[in-house]
$ cat target_0.cif   # mmCIF, C-alpha atoms and all ligand atoms
data_query
#
loop_
_atom_site.label_atom_id
_atom_site.label_comp_id
_atom_site.auth_asym_id
_atom_site.auth_seq_id
_atom_site.Cartn_x
_atom_site.Cartn_y
_atom_site.Cartn_z
CA MET W 690 12.40 -34.92 -1.83
CA GLY W 691 15.54 -34.85 0.33
CA VAL W 692 16.47 -31.88 2.49
CA PHE W 693 20.26 -31.48 2.18
CA ASN W 694 20.12 -32.09 -1.59
CA HIS W 695 17.00 -29.94 -2.04
CA PRO W 696 17.62 -27.48 -4.92
CA GLU W 697 16.72 -24.57 -2.59
CA PHE W 698 18.64 -25.80 0.48
CA ASP W 699 21.52 -23.36 -0.05
CA HIS W 700 23.35 -24.06 3.24
CA HIS W 701 20.44 -23.23 5.55
CA ASP W 702 21.49 -22.90 9.21
CA SER W 703 18.52 -24.98 10.37
CA ILE W 704 15.03 -26.10 9.40
CA HIS W 705 12.39 -26.84 12.05
CA CYS W 706 9.10 -28.72 11.64
CA PHE W 707 6.32 -28.26 14.19
CA GLU W 708 3.09 -30.18 14.72
CA ASP W 709 0.43 -29.47 17.35
CA PRO W 710 -2.33 -32.09 17.09
CA ALA W 711 -4.71 -30.13 19.36
CA SER W 712 -4.92 -27.08 17.08
CA GLY W 713 -3.97 -28.85 13.85
CA LEU W 714 -0.88 -26.64 13.46
CA ARG W 715 1.71 -27.86 11.01
CA ALA W 716 4.44 -25.34 10.38
CA ILE W 717 7.98 -25.13 9.08
CA ILE W 718 10.43 -22.48 10.24
CA ALA W 719 13.55 -22.15 8.10
CA ILE W 720 16.56 -20.19 9.33
CA HIS W 721 18.83 -19.48 6.40
CA SER W 722 21.47 -17.34 8.07
CA THR W 723 22.20 -15.65 11.38
CA ALA W 724 25.51 -14.13 10.21
CA LEU W 725 24.20 -10.56 10.53
CA GLY W 726 21.91 -11.15 13.53
CA PRO W 727 18.77 -13.10 14.50
CA ALA W 728 16.85 -14.41 11.49
CA ALA W 729 13.96 -12.05 10.74
CA GLY W 730 11.19 -12.87 8.28
CA GLY W 731 7.43 -13.16 8.20
CA CYS W 732 5.07 -16.07 8.57
CA ARG W 733 2.93 -17.15 5.60
CA ARG W 734 -0.26 -19.20 5.91
CA TRP W 735 -1.02 -20.95 2.65
CA THR W 736 -2.67 -24.06 1.25
CA TYR W 737 0.15 -26.09 -0.28
CA ALA W 738 -0.32 -28.95 -2.73
CA SER W 739 2.18 -31.03 -0.72
CA ASP W 740 4.67 -30.86 2.15
CA ASP W 741 7.42 -30.63 -0.49
CA ALA W 742 5.79 -27.52 -1.93
CA ALA W 743 5.71 -25.94 1.54
CA LEU W 744 9.36 -26.82 2.13
CA THR W 745 10.39 -25.37 -1.24
CA ASP W 746 8.48 -22.17 -0.51
CA VAL W 747 9.89 -21.64 2.97
CA LEU W 748 13.47 -22.30 1.80
CA ARG W 749 13.23 -19.84 -1.07
CA LEU W 750 11.58 -17.21 1.09
CA SER W 751 14.04 -17.68 3.94
CA ARG W 752 17.08 -17.25 1.69
CA GLY W 753 15.42 -14.19 0.17
CA MET W 754 15.12 -12.69 3.67
CA THR W 755 18.86 -13.12 4.28
CA TYR W 756 19.57 -11.16 1.12
CA LYS W 757 16.79 -8.64 1.73
CA ASN W 758 17.93 -7.80 5.27
CA ALA W 759 21.58 -7.60 4.21
CA VAL W 760 21.02 -5.23 1.28
CA ALA W 761 18.65 -3.09 3.36
CA GLY W 762 21.48 -2.63 5.89
CA LEU W 763 19.57 -4.29 8.74
CA PRO W 764 21.34 -6.10 11.60
CA PHE W 765 19.34 -9.28 10.98
CA GLY W 766 19.79 -12.61 9.28
CA GLY W 767 17.15 -14.35 7.21
CA GLY W 768 14.40 -16.78 8.11
CA LYS W 769 10.80 -17.49 7.30
CA ALA W 770 7.87 -19.53 8.57
CA VAL W 771 5.02 -21.22 6.73
CA ILE W 772 1.85 -22.53 8.34
CA LEU W 773 0.26 -25.25 6.21
CA ALA W 774 -3.40 -24.26 5.87
CA SER W 775 -5.97 -27.06 5.68
CA GLU W 776 -9.54 -27.83 6.68
CA ARG W 777 -8.12 -29.70 9.69
CA ALA W 778 -6.31 -26.56 10.80
CA PRO W 779 -8.55 -23.51 10.42
CA LYS W 780 -7.39 -20.14 11.74
CA SER W 781 -7.94 -20.16 15.50
CA ARG W 782 -6.53 -18.73 18.69
CA ALA W 783 -5.14 -22.18 19.57
CA LEU W 784 -3.36 -22.40 16.19
CA PHE W 785 -1.56 -19.09 16.61
CA GLU W 786 -0.76 -19.81 20.27
CA ALA W 787 0.84 -23.08 19.15
CA PHE W 788 2.76 -21.21 16.45
CA GLY W 789 3.91 -18.70 19.08
CA ARG W 790 5.22 -21.56 21.24
CA ALA W 791 7.07 -22.92 18.20
CA VAL W 792 8.73 -19.54 17.60
CA ASP W 793 9.53 -19.22 21.29
CA SER W 794 11.25 -22.61 21.35
CA LEU W 795 13.91 -21.17 19.01
CA GLN W 796 14.85 -18.70 21.78
CA GLY W 797 15.18 -15.63 19.59
CA ARG W 798 17.11 -17.15 16.69
CA TYR W 799 14.00 -16.43 14.57
CA ILE W 800 11.75 -13.34 14.79
CA THR W 801 8.38 -13.57 13.09
CA ALA W 802 5.90 -11.06 11.61
CA GLU W 803 2.98 -10.99 9.15
CA ASP W 804 3.18 -12.29 5.60
CA VAL W 805 0.52 -13.49 3.15
CA GLY W 806 -2.51 -14.96 4.93
CA ILE W 807 -1.63 -13.52 8.35
CA SER W 808 -3.14 -10.42 9.98
CA VAL W 809 -2.04 -8.04 12.72
CA ASP W 810 -4.66 -9.68 14.99
CA ASP W 811 -3.11 -13.11 14.37
CA MET W 812 0.29 -11.72 15.37
CA ARG W 813 -1.21 -10.28 18.56
CA ILE W 814 -2.11 -13.86 19.57
CA VAL W 815 1.41 -15.06 18.67
CA ARG W 816 2.78 -12.27 20.88
CA GLY W 817 0.99 -13.85 23.85
CA ALA W 818 3.27 -16.87 23.57
CA THR W 819 6.59 -15.29 22.58
CA PRO W 820 8.39 -11.93 22.60
CA PHE W 821 10.10 -12.81 19.30
CA VAL W 822 7.47 -11.19 17.11
CA SER W 823 7.03 -7.86 15.36
CA GLY W 824 4.46 -6.14 13.16
CA LEU W 825 2.21 -5.05 16.04
CA PRO W 826 0.57 -1.64 16.42
CA GLN W 827 2.57 0.75 18.60
CA ASP W 828 1.51 3.68 20.73
CA GLY W 829 2.42 7.24 19.78
CA THR W 830 4.92 7.81 17.00
CA GLY W 831 6.90 4.59 17.48
CA ALA W 832 7.56 2.46 14.40
CA GLY W 833 5.34 -0.57 13.99
CA GLY W 834 2.05 -2.05 12.90
CA ASP W 835 1.04 -3.47 9.54
CA PRO W 836 4.16 -3.56 7.33
CA SER W 837 2.18 -3.42 4.06
CA PRO W 838 1.96 0.40 3.69
CA TRP W 839 5.74 0.57 4.21
CA THR W 840 6.30 -2.13 1.61
CA ALA W 841 4.10 -0.15 -0.78
CA LEU W 842 6.04 3.06 -0.08
CA GLY W 843 9.34 1.32 -0.83
CA VAL W 844 7.95 -0.13 -4.05
CA PHE W 845 6.72 3.33 -5.01
CA HIS W 846 10.23 4.79 -4.53
CA GLY W 847 11.62 1.86 -6.51
CA ILE W 848 9.22 2.48 -9.41
CA GLU W 849 10.28 6.14 -9.44
CA ALA W 850 13.96 5.09 -9.65
CA ALA W 851 13.28 2.51 -12.38
CA VAL W 852 11.21 4.92 -14.46
CA ALA W 853 14.00 7.50 -14.20
CA ALA W 854 16.63 4.94 -15.27
CA ARG W 855 14.70 3.20 -18.07
CA LEU W 856 12.28 5.85 -19.37
CA GLY W 857 14.31 8.96 -18.47
CA LYS W 858 11.37 10.52 -16.61
CA ASP W 859 11.75 12.28 -13.28
CA SER W 860 8.04 12.07 -12.49
CA LEU W 861 5.38 9.37 -12.63
CA ALA W 862 2.83 11.80 -14.10
CA GLY W 863 1.34 10.14 -17.17
CA VAL W 864 3.23 6.87 -16.62
CA SER W 865 1.01 3.77 -16.85
CA VAL W 866 1.44 1.06 -14.23
CA ALA W 867 -0.13 -2.41 -14.35
CA VAL W 868 -0.62 -3.72 -10.80
CA GLN W 869 -1.12 -7.47 -10.46
CA GLY W 870 -2.88 -8.03 -7.12
CA ILE W 871 -4.51 -5.27 -5.08
CA GLY W 872 -4.20 -6.89 -1.66
CA HIS W 873 -2.55 -5.40 1.41
CA VAL W 874 0.40 -3.93 -0.52
CA GLY W 875 -1.21 -3.41 -3.93
CA ILE W 876 -3.98 -1.14 -2.67
CA TYR W 877 -1.57 1.22 -0.89
CA LEU W 878 0.67 1.22 -3.96
CA CYS W 879 -2.27 2.15 -6.20
CA ARG W 880 -3.07 5.14 -3.95
CA LEU W 881 0.53 6.40 -4.04
CA LEU W 882 0.76 5.95 -7.82
CA HIS W 883 -2.55 7.73 -8.39
CA ASP W 884 -1.48 10.64 -6.18
CA ALA W 885 1.73 10.91 -8.24
CA GLY W 886 -0.28 11.20 -11.48
CA ALA W 887 0.27 7.69 -12.83
CA SER W 888 -2.55 5.88 -14.63
CA LEU W 889 -3.52 2.47 -13.29
CA LEU W 890 -4.35 -0.89 -14.81
CA VAL W 891 -5.28 -3.45 -12.17
CA ALA W 892 -6.12 -7.12 -11.88
CA ASP W 893 -7.13 -9.33 -8.98
CA VAL W 894 -8.81 -12.70 -8.68
CA ASP W 895 -10.98 -11.23 -5.90
CA GLY W 896 -13.85 -9.24 -7.45
CA ASP W 897 -14.71 -7.53 -4.14
CA LYS W 898 -11.29 -5.89 -4.03
CA LEU W 899 -11.71 -4.60 -7.59
CA LYS W 900 -15.12 -3.21 -6.68
CA SER W 901 -13.88 -1.31 -3.65
CA LEU W 902 -10.88 0.05 -5.58
CA ALA W 903 -13.22 1.27 -8.35
CA GLU W 904 -15.17 3.24 -5.72
CA GLU W 905 -12.00 5.00 -4.65
CA LEU W 906 -9.69 5.45 -7.67
CA PRO W 907 -9.87 5.56 -11.46
CA ALA W 908 -8.32 2.34 -12.77
CA GLU W 909 -8.75 0.15 -15.83
CA VAL W 910 -9.59 -3.40 -14.81
CA VAL W 911 -7.70 -6.09 -16.74
CA SER W 912 -8.28 -9.84 -16.48
CA PRO W 913 -5.79 -11.77 -14.31
CA SER W 914 -4.65 -13.71 -17.36
CA ASP W 915 -3.80 -10.53 -19.30
CA ILE W 916 -2.29 -8.22 -16.67
CA LEU W 917 1.31 -9.40 -17.14
CA PHE W 918 1.15 -8.72 -20.86
CA CYS W 919 -0.86 -5.50 -21.06
CA ASP W 920 0.31 -2.32 -22.71
CA ALA W 921 1.76 -0.41 -19.74
CA ASP W 922 5.06 1.34 -19.01
CA VAL W 923 5.55 -0.50 -15.73
CA LEU W 924 4.46 -3.93 -14.55
CA ALA W 925 4.16 -4.21 -10.75
CA PRO W 926 3.68 -7.83 -9.65
CA CYS W 927 2.06 -7.62 -6.19
CA ALA W 928 0.45 -11.05 -5.91
CA LEU W 929 2.41 -14.22 -6.48
CA GLY W 930 5.94 -15.48 -6.97
CA ASN W 931 7.34 -17.14 -10.12
CA VAL W 932 5.47 -14.80 -12.46
CA LEU W 933 8.62 -13.99 -14.47
CA ASN W 934 9.61 -17.13 -16.36
CA SER W 935 10.55 -18.45 -19.79
CA GLU W 936 6.90 -18.45 -20.88
CA THR W 937 5.82 -15.04 -19.59
CA ILE W 938 8.94 -12.94 -20.25
CA PRO W 939 8.75 -13.07 -24.08
CA ARG W 940 5.19 -11.67 -23.89
CA ILE W 941 5.76 -8.81 -21.40
CA ARG W 942 5.33 -5.40 -23.05
CA ALA W 943 6.29 -3.17 -20.10
CA LYS W 944 9.77 -1.62 -20.08
CA VAL W 945 10.04 -1.88 -16.30
CA VAL W 946 9.10 -4.67 -13.88
CA ALA W 947 9.01 -3.37 -10.31
CA GLY W 948 6.64 -4.79 -7.72
CA ALA W 949 6.24 -6.19 -4.22
CA ALA W 950 5.88 -9.92 -4.77
CA ASN W 951 8.58 -12.16 -3.33
CA ASN W 952 10.47 -14.54 -5.62
CA GLN W 953 9.22 -13.00 -8.86
CA LEU W 954 11.88 -14.77 -10.94
CA ALA W 955 11.09 -18.47 -11.41
CA ALA W 956 14.83 -19.06 -11.85
CA ALA W 957 17.92 -16.84 -11.61
CA GLU W 958 18.37 -17.07 -15.43
CA ASP W 959 15.10 -15.21 -15.86
CA GLY W 960 16.94 -12.06 -14.83
CA ALA W 961 19.12 -12.42 -17.93
CA ARG W 962 16.01 -13.10 -20.05
CA LEU W 963 14.55 -9.77 -18.91
CA THR W 964 17.82 -7.94 -19.61
CA ALA W 965 17.98 -9.47 -23.10
CA ARG W 966 14.52 -8.06 -23.81
CA GLY W 967 15.50 -4.58 -22.59
CA ILE W 968 13.18 -4.84 -19.56
CA LEU W 969 14.58 -3.21 -16.41
CA TYR W 970 13.87 -5.46 -13.42
CA ALA W 971 13.93 -4.12 -9.85
CA PRO W 972 15.18 -7.10 -7.78
CA ASP W 973 12.25 -8.14 -5.60
CA TYR W 974 14.01 -8.31 -2.26
CA VAL W 975 15.57 -4.87 -2.75
CA ILE W 976 12.37 -3.06 -3.76
CA ASN W 977 10.04 -4.80 -1.27
CA ALA W 978 12.16 -4.25 1.86
CA GLY W 979 9.98 -1.42 3.27
CA GLY W 980 7.92 -3.80 5.41
CA VAL W 981 10.87 -5.55 7.00
CA ILE W 982 12.54 -2.18 7.63
CA SER W 983 9.43 -1.16 9.59
CA VAL W 984 9.10 -4.39 11.58
CA THR W 985 12.78 -4.54 12.49
CA CYS W 986 12.77 -0.87 13.58
CA GLU W 987 9.73 -1.73 15.70
CA TYR W 988 11.54 -4.74 17.16
CA LEU W 989 14.65 -2.75 18.01
CA GLY W 990 12.59 0.20 19.20
CA ASP W 991 15.30 2.66 18.15
CA VAL W 992 13.61 4.60 15.33
CA ASP W 993 10.29 6.46 15.15
CA GLU W 994 7.92 6.65 12.16
CA ALA W 995 9.82 9.56 10.61
CA GLY W 996 13.02 7.51 10.82
CA VAL W 997 11.35 4.55 9.09
CA THR W 998 10.12 6.90 6.34
CA ASP W 999 13.73 8.03 5.75
CA LEU W 1000 15.06 4.46 5.73
CA VAL W 1001 12.38 3.30 3.28
CA ALA W 1002 13.12 6.28 1.01
CA GLN W 1003 16.67 4.94 0.61
CA ILE W 1004 15.28 2.06 -1.45
CA GLY W 1005 15.07 4.44 -4.44
CA PRO W 1006 18.77 5.46 -4.46
CA ARG W 1007 19.81 1.88 -3.61
CA LEU W 1008 18.04 0.62 -6.72
CA ALA W 1009 19.35 3.52 -8.79
CA GLY W 1010 22.87 2.31 -7.92
CA ILE W 1011 22.03 -1.22 -9.10
CA PHE W 1012 20.46 0.12 -12.32
CA GLU W 1013 23.53 2.27 -12.98
CA GLU W 1014 25.86 -0.73 -12.53
CA ALA W 1015 23.62 -2.85 -14.80
CA ALA W 1016 23.74 -0.17 -17.50
CA ARG W 1017 27.54 0.02 -17.20
CA THR W 1018 28.29 -3.72 -17.10
CA GLY W 1019 25.35 -5.26 -18.98
CA GLU W 1020 24.80 -7.61 -16.06
CA PRO W 1021 21.27 -8.56 -14.98
CA THR W 1022 20.09 -6.57 -11.95
CA ASN W 1023 19.37 -9.71 -9.89
CA VAL W 1024 22.99 -10.84 -10.32
CA ILE W 1025 24.26 -7.46 -9.08
CA ALA W 1026 21.91 -7.47 -6.06
CA ASP W 1027 22.86 -11.06 -5.11
CA ARG W 1028 26.55 -10.15 -5.30
CA GLN W 1029 26.02 -7.12 -3.05
CA ALA W 1030 24.14 -9.26 -0.50
CA ARG W 1031 26.78 -12.01 -0.45
CA LYS W 1032 29.54 -9.43 0.03
CA ILE W 1033 27.79 -7.85 3.03
CA ILE W 1034 27.24 -11.28 4.62
CA ALA W 1035 30.82 -12.41 3.94
CA ASN W 1036 32.21 -9.20 5.49
CA ALA W 1037 30.20 -9.90 8.67
CA ALA W 1038 31.45 -13.47 9.03
P1 LIG W 1101 -2.26 -10.18 -0.13
O1 LIG W 1101 -2.60 -11.63 0.02
O2 LIG W 1101 -2.91 -9.20 0.78
O3 LIG W 1101 -2.55 -9.68 -1.63
C1 LIG W 1101 -2.32 -10.46 -2.75
C2 LIG W 1101 -3.44 -10.14 -3.72
O4 LIG W 1101 -3.19 -10.81 -4.95
C3 LIG W 1101 -4.81 -10.61 -3.24
O5 LIG W 1101 -5.73 -9.55 -3.36
C4 LIG W 1101 -5.15 -11.76 -4.18
O6 LIG W 1101 -6.55 -11.89 -4.42
C5 LIG W 1101 -4.40 -11.34 -5.43
N1 LIG W 1101 -4.10 -12.42 -6.37
C6 LIG W 1101 -3.80 -13.72 -6.11
N2 LIG W 1101 -3.59 -14.38 -7.26
C7 LIG W 1101 -3.74 -13.48 -8.27
C8 LIG W 1101 -3.63 -13.55 -9.68
N3 LIG W 1101 -3.33 -14.68 -10.30
N4 LIG W 1101 -3.85 -12.43 -10.40
C9 LIG W 1101 -4.16 -11.27 -9.78
N5 LIG W 1101 -4.28 -11.14 -8.44
C10 LIG W 1101 -4.07 -12.24 -7.70
O7 LIG W 1101 -0.66 -10.10 -0.01
P2 LIG W 1101 0.22 -8.82 0.24
O8 LIG W 1101 0.57 -8.74 1.68
O9 LIG W 1101 -0.39 -7.64 -0.45
O10 LIG W 1101 1.58 -9.24 -0.51
C11 LIG W 1101 1.64 -9.27 -1.93
C12 LIG W 1101 2.99 -9.83 -2.36
O11 LIG W 1101 4.03 -9.00 -1.84
C13 LIG W 1101 3.29 -11.25 -1.85
O12 LIG W 1101 4.07 -11.92 -2.80
C14 LIG W 1101 4.13 -11.00 -0.60
O13 LIG W 1101 4.97 -12.09 -0.29
C15 LIG W 1101 4.91 -9.78 -1.02
N6 LIG W 1101 5.39 -8.97 0.08
C16 LIG W 1101 4.49 -8.45 0.97
C17 LIG W 1101 4.95 -7.66 2.01
C18 LIG W 1101 4.00 -7.02 2.98
O14 LIG W 1101 4.41 -6.10 3.71
N7 LIG W 1101 2.72 -7.41 3.01
C19 LIG W 1101 6.34 -7.42 2.16
C20 LIG W 1101 7.22 -7.96 1.23
C21 LIG W 1101 6.73 -8.74 0.20
#
$ encode --input "target_0.cif" --output "structure tokens" --more "lines below"
Ligand code: NAD
Amino acid sequence: MGVFNHPEFDHHDSIHCFEDPASGLRAIIAIHSTALGPAAGGCRRWTYASDDAALTDVLRLSRGMTYKNAVAGLPFGGGKAVILASERAPKSRALFEAFGRAVDSLQGRYITAEDVGISVDDMRIVRGATPFVSGLPQDGTGAGGDPSPWTALGVFHGIEAAVAARLGKDSLAGVSVAVQGIGHVGIYLCRLLHDAGASLLVADVDGDKLKSLAEELPAEVVSPSDILFCDADVLAPCALGNVLNSETIPRIRAKVVAGAANNQLAAAEDGARLTARGILYAPDYVINAGGVISVTCEYLGDVDEAGVTDLVAQIGPRLAGIFEEAARTGEPTNVIADRQARKIIANAA
């Protein structure tokens, strides 16, 4: 597959490939835009079927970060990193040191943080090789640490806004929510939803996670193959991308789709497919911005935890504005969000 004619290329500023034979590191860092500031976006470690699959993933994620940071009002552009996981390159100190050197070589044009497959401890090692990293625990009341609880809080506010707009309810009491994936974000989201009186349906491919959730919260366990189509008011995808597509959308029974996963729509047209079925979709990069709000506040060091809480709470009203425009114009919510992002970026140029 070519690079400049790649379907996801979308005028990326730059794409960087790194190899470190000693540790086995193979990584791609994609910088989509620096129009609003340095490109901020996490690092994902994943086993890809091919180099092309890794390139496609990093390009889609990087562009999504440009839009996410713009709509969240952050002074950052968009970028993303992927580390290609393989038996030749197990997680090791040397691997993350090599990744840190790769990030450092970009001299601050890209700032990294945790994403899927990366822990706070991994990022601590990266920090040893570069200052251009965030998502590390802070002392006192400073913003920082694992972004997942903040992502979950933003998704929770987004679900509240979507339920108000689509179901006309000003509380989540008695609302059923199907959560696909109870990993770092999903588990925090389940706790918030339970505390708000929602009933939970959950699925995960990891039985241990289901077991520990069952010890903590009441939740109906659904098989991974059924969770997208179960009888719930809200579907919250919190696992994988591409779950909303021409095959799944006709079978979804929820009235609202609002979850943390990046790149939920397989293609932009899937937004219109959801609208045509009367399903209100919370654009992924708008609802899941809580984590990046936390890591960028940590990076800038200008806002404490209470300030991050306030900024993340704005995700609800921001989505309510998109839902209101969608109701007025009939446009899909993803189209409205993309337009808002492009306008913010164009105004900065
Ligand atoms: P995670 O890896 O901790 O959790 C994902 C969970 O999904 C895991 O428990 C995994 O077993 C489960 N899963 C995988 N395939 C599944 C399937 N087919 N059916 C059901 N469950 C399945 O990741 P995370 O950090 O919780 O992130 C979840 C999603 O949210 C990802 O798409 C990520 O890109 C996105 N996101 C995360 C953050 C963050 O702060 N962590 C921020 C923004 C977006």
$ atom_distance --input "target_0.cif" --atom1 "CA of Ala961 in chain W" --atom2 "CA of Pro1021 in chain W"
5.3 Å
$ atom_distance --input "target_0.cif" --atom1 "CA of Ser912 in chain W" --atom2 "CA of Tyr737 in chain W"
24.4 Å
$ closest_residue --input "target_0.cif" --among "W:Val997, W:Leu784, W:Ile1034, W:Val984" --to "ligand LIG 1101 (chain W)" --atoms "all atoms listed in the file"
W:Val984
$ closest_residue --input "target_0.cif" --among "W:His705, W:Arg1028, W:Lys757, W:Arg782" --to "ligand LIG 1101 (chain W)" --atoms "all atoms listed in the file"
W:Lys757
$ residues_around --input "target_0.cif" --residues "Asn931 in chain W" --least-positions-apart "4" --cutoff "7 Å" --atoms "only C-alpha atoms" --output "VMD selection string"
chain W and resid 952 to 955
$ closest_residue --input "target_0.cif" --among "W:Gly863, W:Gly960, W:Gly996, W:Gly872" --to "ligand LIG 1101 (chain W)" --atoms "all atoms listed in the file"
W:Gly872
$ residues_around --input "target_0.cif" --residues "Ile772 in chain W" --least-positions-apart "4" --cutoff "12 Å" --atoms "only C-alpha atoms" --output "ChimeraX atom specification"
/W:705-709,712-719,731-737,740,743-744,746-747,778-780,784-785,787-789,791-792,803-807
